[in-house]
Structure formats: C-alpha cells, structure tokens
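Have a look at the structure below, then the notes.
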Amino acid sequence: MSEGLFGIHGKALEIRSQRIGMLASNIANAATPGYKARDVDFAAALSARLGGQETDGAIGSATRYRVPLMASLDGNTVEMATEQSAFAENAVAYSATLSFVAGKVERITRALRGE
Amino acid sequence: MAGPLNLFTVGQRAMSAQLVRMNAAASNLANAGSVAASEGEAYRPMRAIFSEQLDQANGLSTVRVGGVIRTDAVAIRRHEPGHPLADENGDVWASPVDENAEMVEMLDASRQYRNMVEALSTAKQLMLETMRMK
C-alpha cells in the first residue's frame with residue numbers, strides 16, 4: 001500500500017537507507033587490507049526500482065566498486081574524504097526525502113481527520 | 001559471530017577493531033625503551049591483523065580482527081657492559097620499536113574510530129527521525 005501512497009519518495013528512502021549501510025561499511029573497513037570500497041549509483045538504483053525491481057535487486061544491480069583517486073599499497077580503496085562527503089550528502093538527501101514522506105503522512109492524516 | 005549484521009554491529013565491531021589497533025600501538029610505545037638479556041627475550045612490536053567480514057544477506061561488511069601478531073623486526077644489540085641484563089659479551093638487546101611509526105598508527109586508529117562514531121551518530125539520528133515520523 002505504501003508503494004502508491006509515497007510514490008517515488010518511499011522508494012528513494014529505501015535506497016538512501018541501504019546506501020547509509022554501504023557507506024558505513026566502507027568507513028568501518030578504512031584500515032582493512034585489500035578491502036574494496038563500494039557505493040550505490042543512486043540514479044541507477046532508483047530507476048531500476050521504479051522499473052519494477054525489488055529493492056534488493058535494484059541495489060545489487062546498481063552497486064559499483066569505487067575507483068580510488070590514488071591506489072594504496074595494501075589494496076584498500078577506502079578514501080576517507082570521499083566516503084565522508086558521500087555519507088554527508090546521502091544523510092542530507094535522506095533527511096530531505098524523509099520530510100517529503102512525513103509531509104505526505106501529515107496530509108493524509110489531516111484528510112482522514114477531516115480538518 | 002552469529003546473527004545478521006546491522007548498522008550498529010558494523011559500527012561497534014569497527015570501533016573495537018580500532019581499539020585493538022590502538023592498544024597494540026600503545027603497548028609498543030610503552031615498551032619502546034625496554035631491553036632484554038637475549039635476542040629471543042627482546043620485546044617485538046605487535047600489530048593487529050584486520051580482515052573484512054561481509055554479510056551476504058544485506059551487503060553490509062564490517063571488520064574482523066584476525067589476531068594480534070608479533071612483527072619480525074630484529075632486536076637492536078647494544079654494547080652496555082655495566083647493564084645488569086648484559087650477557088657475557090656485555091651486550092643488551094633493545095626492543096626495535098619505531099616510535100614515529102607507532103605514533104602515526106595511533107593517530108590513524110583514533111581518527112578512524114572518530115569517523116565511525118560520527119557516521120554512526122548521523123545514522124542513528126536519521127533512524128530516530130524516521131521512527132518519530134507520525
């Protein structure tokens with residue numbers, strides 16, 4: 001039911017939330033030798049999701065390995081500056097999407113109450 | 001390591017891994033000046049070994065501490081005949097700790113710890129906002 005109610009914002013919120021986890025995993029593995037940082041191509045994931053795919057499938061098909069600006073000797077491709085700015089950008093976008101969803105919920109509740 | 005990963009376990013394990021790393025560096029620094037009677041007894045610096053732990057089900061991955069190993073740095077022989085630990089040649093064996101490298105290790109570990117805390121608190125904030133949505 002929430003599919004139709006929240007439209008694009010519900011789907012976007014799901015992807016944003018998955019992306020938080022992925023970026024947090026990158027930050028967690030900043031010192032793990034050989035770890036390859038991953039990120040979700042948000043636009044690709046959203047269009048796959050809008051195209052009818054499930055969230056997991058859409059995320060899976062839009063996950064890319066990060067191309068490091070400078071390769072490190074131990075094979076780790078996490079770059080703190082990149083990860084932190086991506087995390088911040090994603091958090092702000094999550095917040096924005098959340099307020100759209102909250103606004104929708106509020107409008108529906110007001111309509112239900114008949115105010 | 002049972003149970004699926006969530007954002008908080010990812011953060012928690014990453015932070016404890018960084019703490020292990022910090023403890024190793026602190027132990028190395030503490031033993032920077034120590035000497036021993038033989039090469040075998042000399043303190044050798046410790047390093048934490050990290051590996052990735054991926055949860056296939058949800059794509060989250062965290063850090064696993066594989067263990068703490070002793071590096072194979074060679075103890076430094078110093079000629080000090082008056083030292084109580086000196087062997088028959090009058091030599092003592094000093095620990096091969098590179099203080100600068102340990103300080104860098106410490107700094108790096110604490111920065112990464114802090115980054116994880118920051119990321120975790122932002123994620124928590126967003127989760128709470130989502131939860132309180134009416």
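The chains in the structure tokens are called A, B, ... from first to last as shown; in each chain the residues are counted from 1, and the ligands are counted from 1 in the order shown.
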Open item on the list: Distance cut-off 6 Å, counting only C-alpha atoms - which residues of chain B neighbour chain A? Return them as a PyMOL selection string.
Closed with: chain B and resi 7+14+50-51+60-63
TODO: For Ala42 in chain B, work out the shell of residues within 7 Å, counting only C-alpha atoms and skipping chain neighbours fewer than 6 positions away, then give it as a list in words.
DONE: Val35, Ala36, Ala75, Trp93, Ala94 and Ser95 of chain B
Using DSSP on the backbone coordinates, identify all residues within range 26-114 of chain A classified as strand (DSSP E or B); present the result as a PDB file with N, CA, C and O atoms, in the first residue's frame.
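What ended up in part_38.pdb:
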```pdb
ATOM      1  N   ARG A  38      32.704   0.101  -1.852  1.00  0.00           N
ATOM      2  CA  ARG A  38      31.578   0.003  -2.770  1.00  0.00           C
ATOM      3  C   ARG A  38      30.617   1.161  -2.552  1.00  0.00           C
ATOM      4  O   ARG A  38      30.588   1.762  -1.484  1.00  0.00           O
ATOM      5  N   ASP A  39      29.856   1.464  -3.559  1.00  0.00           N
ATOM      6  CA  ASP A  39      28.853   2.513  -3.421  1.00  0.00           C
ATOM      7  C   ASP A  39      27.691   2.195  -4.352  1.00  0.00           C
ATOM      8  O   ASP A  39      27.848   1.471  -5.324  1.00  0.00           O
ATOM      9  N   VAL A  40      26.525   2.758  -4.024  1.00  0.00           N
ATOM     10  CA  VAL A  40      25.357   2.568  -4.868  1.00  0.00           C
ATOM     11  C   VAL A  40      25.244   3.753  -5.815  1.00  0.00           C
ATOM     12  O   VAL A  40      25.335   4.899  -5.380  1.00  0.00           O
ATOM     13  N   THR A  63      25.189  -1.450  -7.617  1.00  0.00           N
ATOM     14  CA  THR A  63      26.359  -1.332  -6.752  1.00  0.00           C
ATOM     15  C   THR A  63      27.633  -1.349  -7.601  1.00  0.00           C
ATOM     16  O   THR A  63      27.795  -2.186  -8.462  1.00  0.00           O
ATOM     17  N   ARG A  64      28.473  -0.390  -7.337  1.00  0.00           N
ATOM     18  CA  ARG A  64      29.726  -0.268  -8.103  1.00  0.00           C
ATOM     19  C   ARG A  64      30.890  -0.221  -7.140  1.00  0.00           C
ATOM     20  O   ARG A  64      30.755   0.270  -6.012  1.00  0.00           O
ATOM     21  N   TYR A  65      32.046  -0.708  -7.621  1.00  0.00           N
ATOM     22  CA  TYR A  65      33.259  -0.531  -6.831  1.00  0.00           C
ATOM     23  C   TYR A  65      33.776   0.878  -7.039  1.00  0.00           C
ATOM     24  O   TYR A  65      33.718   1.418  -8.136  1.00  0.00           O
TER      25      TYR A  65
END
```
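For the pair CA of Arg66 in chain A and CA of Ala37 in chain A, the separation is 5.4 Å.
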Task: Selection near Arg44 in chain B, 7 Å with only C-alpha atoms, sequence-local residues under 2 positions removed, as a PyMOL selection string - done: chain B and resi 42+46+70-71+73+95-96
Taking C-alpha atoms for each residue, export the selection above as a CSV table (one decimal), in the first residue's frame.
```csv
chain,number,residue,atom,x,y,z
B,42,ALA,CA,63.6,-8.8,23.5
B,46,MET,CA,52.7,-6.0,17.9
B,70,ARG,CA,54.4,-10.0,16.6
B,71,THR,CA,56.3,-8.4,13.8
B,73,ALA,CA,61.7,-6.8,13.4
B,95,SER,CA,63.2,-3.6,21.5
B,96,PRO,CA,63.1,-2.5,17.8
```
Contact check, range 44-84 of chain B to range 21-26 of chain B, at most 9 Å, counting only C-alpha atoms, closest pairs as CSV:
```
residue,atom,partner,partner_atom,distance
B:Pro45,CA,B:Ala24,CA,8.1
B:Met46,CA,B:Ala24,CA,5.7
B:Arg47,CA,B:Ala24,CA,6.1
B:Ala48,CA,B:Arg21,CA,5.4
B:Ile49,CA,B:Arg21,CA,8.5
B:Val68,CA,B:Ala24,CA,7.8
```
Open item on the list: Just list as an NGL selection string whatever in range 1-63 of chain B DSSP marks as alpha helix (DSSP H).
Closed with: :B and (7-30)
Task: Straight-line distance linking CA of Asn31 in chain B with CA of Glu102 in chain B, stated in Å to one decimal - done: 11.2 Å
- [ ] Please provide the set of residues having any atom within 10 Å of Phe8 in chain B, restricted to only C-alpha atoms, with same-chain residues fewer than 3 positions apart removed, written as an NGL selection string.
- [x] (:A and (21 or 24)) or (:B and (5 or 11-14 or 120-121 or 123-124))
TODO: Find the residue from B:Ala57, B:Met106, B:Met133, B:Leu126 that sits nearest to Arg16 in chain A; use only C-alpha atoms when measuring.
DONE: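 Comparing B:Ala57, B:Met106, B:Met133, B:Leu126 against Arg16 in chain A, the winner is B:Leu126.
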TODO: Give me, please, the distance in Å between CA of Arg132 in chain B and CA of Ala12 in chain A, quoted to one decimal.
DONE: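 Those two atoms sit 18.8 Å apart.
If you measure from each of A:Gly57, A:Gly114, A:Gly51, A:Pro68 to Ile15 in chain A using only C-alpha atoms, the closest one turns out to be A:Gly57.
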